[in-house]
Amino acid sequence: MTARVGRALQNGGVFDRSAAPDRDLSRRELYRPGVLADLGPVTSAPAPRPVVPAVPGAEGHLARVVASSSDRVGWLRARSRGITATDVAKLSTQQSLRAAVTEKLNGSGFSGNVFTQHGRVREPEIAAWVAATHGIQPSDLLFHAERDRRHLATPDGLTVRQGGRIELAEIKTTNKPFNSIPRSYLRQIWWQQYVLGAERTLFVWEQHDRFVPVHEEPQCQWVERDDREIARLVALAGDLIELLRQATAPRMPARPAAAQPA
């Protein structure tokens, strides 16, 4: 099923298939607060530095590759040093900003469950269907935005159409039906479109009942780029970066109290 989608306001009880950090990697290994010195004003040194080379001689999005999820440690470390689509998906209020700071600095404590494991197993199969039916190829690359290297995204699928138009794919598995795309997923999709310069994204989901697919094929909807929503997310990401900078800035020692006259 393919159709255009408008703005969805409903957020159903859907399990995210995003991969959880490896258990044998410590938080200190995956995230080092010192790198947040690079999360200062844009005029300072940009972050993160690429940990894999971009495609030689490439232009556009292929010149902005930061890491590949095939190198899981490098990918997780690179993600920790910027603002990702997963981070932005949770940003909607000032309270969510504060929660995002805590999670960015300390980790979420979530190490995965049977639902995320099911998603990881099914994603390659769903991605193959997307490639066969829509020509969007699987991607495991982490990109930074053209305007700010701290803004990061790893779309599940990517293709370049005639004229250089970029289209993306985002894949989810769920144990409940979608009446509309959950708002958090839309934020994730818009952020990816901003980072890659994409015009639209094919949102693909596979519903399952006790981990058995309900339908013969995945379901999908096109999500068009929304520059107004993107501008709002970029502003929220800026607020998050500032809060992270404040949380990790060196604290000046307190000055001793002045001696009182005898």
# chains A, B, ... in the order shown; residues from 1 in each chain; ligands from 1

$ closest_atom_pairs --of "range 90-150 of chain A" --to "range 184-205 of chain A" --cutoff "8 Å" --atoms "only C-alpha atoms" --output "JSON lines"
{"residue": "A:Lys90", "atom": "CA", "partner": "A:Ser184", "partner_atom": "CA", "distance": 6.2}
{"residue": "A:Phe143", "atom": "CA", "partner": "A:Val195", "partner_atom": "CA", "distance": 7.1}
{"residue": "A:His144", "atom": "CA", "partner": "A:Val195", "partner_atom": "CA", "distance": 6.2}
{"residue": "A:Ala145", "atom": "CA", "partner": "A:Val195", "partner_atom": "CA", "distance": 4.2}
{"residue": "A:Glu146", "atom": "CA", "partner": "A:Val195", "partner_atom": "CA", "distance": 7.0}

$ atom_distance --atom1 "CA of Lys104 in chain A" --atom2 "CA of Ala153 in chain A"
15.6 Å

$ select_by_dssp --residues "range 146-230 of chain A" --states "strand (DSSP E or B)" --output "MDAnalysis selection string"
chainID A and resid 151:153 157:160 166:174 200:209 212:213 219:224

$ select_by_dssp --residues "range 110-236 of chain A" --states "alpha helix (DSSP H)" --output "MDAnalysis selection string"
chainID A and resid 114:134 183:196 227:236

$ closest_residue --among "A:His208, A:Arg149, A:His118, A:Arg64" --to "Arg81 in chain A" --atoms "only C-alpha atoms"
A:Arg149

$ closest_residue --among "A:Arg72, A:Arg255, A:His215, A:Arg210" --to "Leu141 in chain A" --atoms "only C-alpha atoms"
A:Arg72

$ closest_residue --among "A:Asp140, A:Gly119, A:Gln162, A:Asp227" --to "Asn175 in chain A" --atoms "only C-alpha atoms"
A:Gly119

$ atom_distance --atom1 "CA of Thr173 in chain A" --atom2 "CA of Leu76 in chain A"
21.9 Å

$ residues_around --residues "range 91-94 of chain A" --least-positions-apart "3" --cutoff "12 Å" --atoms "only C-alpha atoms" --output "list of chain:residue names"
A:Ile83, A:Thr84, A:Ala85, A:Thr86, A:Asp87, A:Val88, A:Leu97, A:Arg98, A:Ala99, A:Ala100, A:Val101, A:Arg183, A:Ser184, A:Tyr185, A:Leu186, A:Arg187, A:Gln188, A:Trp191, A:Glu229, A:Arg232, A:Leu233, A:Val234, A:Ala235, A:Leu236, A:Ala237, A:Gly238, A:Asp239, A:Leu240, A:Leu243

$ closest_residue --among "A:Val223, A:Ala127, A:Val214, A:Ile136" --to "Ser180 in chain A" --atoms "only C-alpha atoms"
A:Val223

$ closest_residue --among "A:His151, A:His134, A:Arg245, A:Arg161" --to "Cys220 in chain A" --atoms "only C-alpha atoms"
A:His134

$ decode --residues "range 134-174 of chain A" --atoms "N, CA and C atoms" --output "CSV table (one decimal), in the first residue's frame"
chain,number,residue,atom,x,y,z
A,134,HIS,N,10.5,-0.4,-4.6
A,134,HIS,CA,10.6,1.1,-4.8
A,134,HIS,C,12.0,1.5,-5.2
A,135,GLY,N,12.9,0.6,-5.3
A,135,GLY,CA,14.2,1.0,-5.8
A,135,GLY,C,15.1,1.8,-4.8
A,136,ILE,N,14.7,1.7,-3.5
A,136,ILE,CA,15.5,2.4,-2.4
A,136,ILE,C,16.4,1.4,-1.8
A,137,GLN,N,17.7,1.6,-1.9
A,137,GLN,CA,18.6,0.6,-1.4
A,137,GLN,C,18.9,0.7,0.1
A,138,PRO,N,19.2,-0.4,0.7
A,138,PRO,CA,19.5,-0.4,2.1
A,138,PRO,C,20.8,0.5,2.4
A,139,SER,N,20.8,1.2,3.5
A,139,SER,CA,22.0,2.0,3.8
A,139,SER,C,22.3,1.8,5.3
A,140,ASP,N,23.6,1.7,5.6
A,140,ASP,CA,24.1,1.6,7.0
A,140,ASP,C,25.0,2.8,7.4
A,141,LEU,N,25.0,3.9,6.6
A,141,LEU,CA,25.9,5.0,6.7
A,141,LEU,C,25.3,6.1,7.6
A,142,LEU,N,26.2,6.6,8.5
A,142,LEU,CA,25.8,7.8,9.3
A,142,LEU,C,26.3,9.0,8.5
A,143,PHE,N,25.4,10.0,8.3
A,143,PHE,CA,25.8,11.2,7.6
A,143,PHE,C,25.7,12.4,8.5
A,144,HIS,N,26.4,13.5,8.2
A,144,HIS,CA,26.2,14.7,8.9
A,144,HIS,C,25.6,15.7,8.0
A,145,ALA,N,24.9,16.7,8.5
A,145,ALA,CA,24.2,17.7,7.7
A,145,ALA,C,25.2,18.6,7.1
A,146,GLU,N,24.8,19.2,6.0
A,146,GLU,CA,25.7,20.1,5.3
A,146,GLU,C,26.0,21.4,6.1
A,147,ARG,N,25.0,21.9,6.8
A,147,ARG,CA,25.1,23.1,7.5
A,147,ARG,C,25.7,23.0,8.9
A,148,ASP,N,25.7,21.8,9.5
A,148,ASP,CA,26.2,21.6,10.8
A,148,ASP,C,26.6,20.1,11.0
A,149,ARG,N,27.9,19.9,11.2
A,149,ARG,CA,28.4,18.5,11.3
A,149,ARG,C,27.9,17.8,12.6
A,150,ARG,N,27.4,18.6,13.5
A,150,ARG,CA,26.8,18.0,14.8
A,150,ARG,C,25.5,17.3,14.5
A,151,HIS,N,24.8,17.6,13.4
A,151,HIS,CA,23.5,17.0,13.1
A,151,HIS,C,23.7,15.8,12.3
A,152,LEU,N,23.2,14.6,12.8
A,152,LEU,CA,23.5,13.3,12.2
A,152,LEU,C,22.3,12.5,12.0
A,153,ALA,N,22.4,11.6,11.0
A,153,ALA,CA,21.3,10.7,10.7
A,153,ALA,C,21.8,9.4,10.0
A,154,THR,N,21.2,8.3,10.3
A,154,THR,CA,21.4,7.0,9.6
A,154,THR,C,20.1,6.5,9.0
A,155,PRO,N,19.7,6.9,7.8
A,155,PRO,CA,18.5,6.4,7.2
A,155,PRO,C,18.6,4.9,6.9
A,156,ASP,N,17.5,4.2,7.0
A,156,ASP,CA,17.5,2.7,6.7
A,156,ASP,C,17.7,2.5,5.2
A,157,GLY,N,17.2,3.4,4.3
A,157,GLY,CA,17.4,3.2,2.9
A,157,GLY,C,17.6,4.6,2.2
A,158,LEU,N,18.2,4.5,1.1
A,158,LEU,CA,18.6,5.8,0.4
A,158,LEU,C,18.7,5.5,-1.1
A,159,THR,N,18.2,6.4,-1.9
A,159,THR,CA,18.4,6.3,-3.4
A,159,THR,C,18.5,7.7,-3.9
A,160,VAL,N,19.2,7.9,-5.0
A,160,VAL,CA,19.2,9.2,-5.7
A,160,VAL,C,18.5,9.0,-7.1
A,161,ARG,N,17.4,9.8,-7.2
A,161,ARG,CA,16.6,9.7,-8.5
A,161,ARG,C,17.2,10.6,-9.5
A,162,GLN,N,16.6,10.5,-10.7
A,162,GLN,CA,17.0,11.4,-11.8
A,162,GLN,C,16.9,12.8,-11.4
A,163,GLY,N,17.9,13.6,-11.8
A,163,GLY,CA,18.0,15.0,-11.4
A,163,GLY,C,18.6,15.2,-10.0
A,164,GLY,N,19.1,14.1,-9.4
A,164,GLY,CA,19.7,14.3,-8.1
A,164,GLY,C,18.8,14.3,-6.9
A,165,ARG,N,17.5,14.0,-7.1
A,165,ARG,CA,16.6,14.0,-6.0
A,165,ARG,C,16.8,12.8,-5.1
A,166,ILE,N,17.0,13.1,-3.8
A,166,ILE,CA,17.2,12.0,-2.8
A,166,ILE,C,15.9,11.6,-2.2
A,167,GLU,N,15.7,10.3,-2.1
A,167,GLU,CA,14.6,9.7,-1.4
A,167,GLU,C,15.1,8.7,-0.4
A,168,LEU,N,14.5,8.6,0.8
A,168,LEU,CA,14.9,7.8,1.9
A,168,LEU,C,13.8,6.8,2.2
A,169,ALA,N,14.2,5.8,3.0
A,169,ALA,CA,13.3,4.8,3.6
A,169,ALA,C,13.6,4.7,5.1
A,170,GLU,N,12.5,4.6,5.9
A,170,GLU,CA,12.6,4.3,7.3
A,170,GLU,C,11.7,3.1,7.6
A,171,ILE,N,12.3,2.1,8.3
A,171,ILE,CA,11.6,0.8,8.5
A,171,ILE,C,11.4,0.6,10.0
A,172,LYS,N,10.1,0.1,10.3
A,172,LYS,CA,9.8,-0.2,11.7
A,172,LYS,C,9.0,-1.5,11.7
A,173,THR,N,9.0,-2.2,12.8
A,173,THR,CA,8.1,-3.3,13.0
A,173,THR,C,7.2,-2.9,14.2
A,174,THR,N,6.0,-3.5,14.3
A,174,THR,CA,5.0,-3.1,15.3
A,174,THR,C,4.1,-4.3,15.6
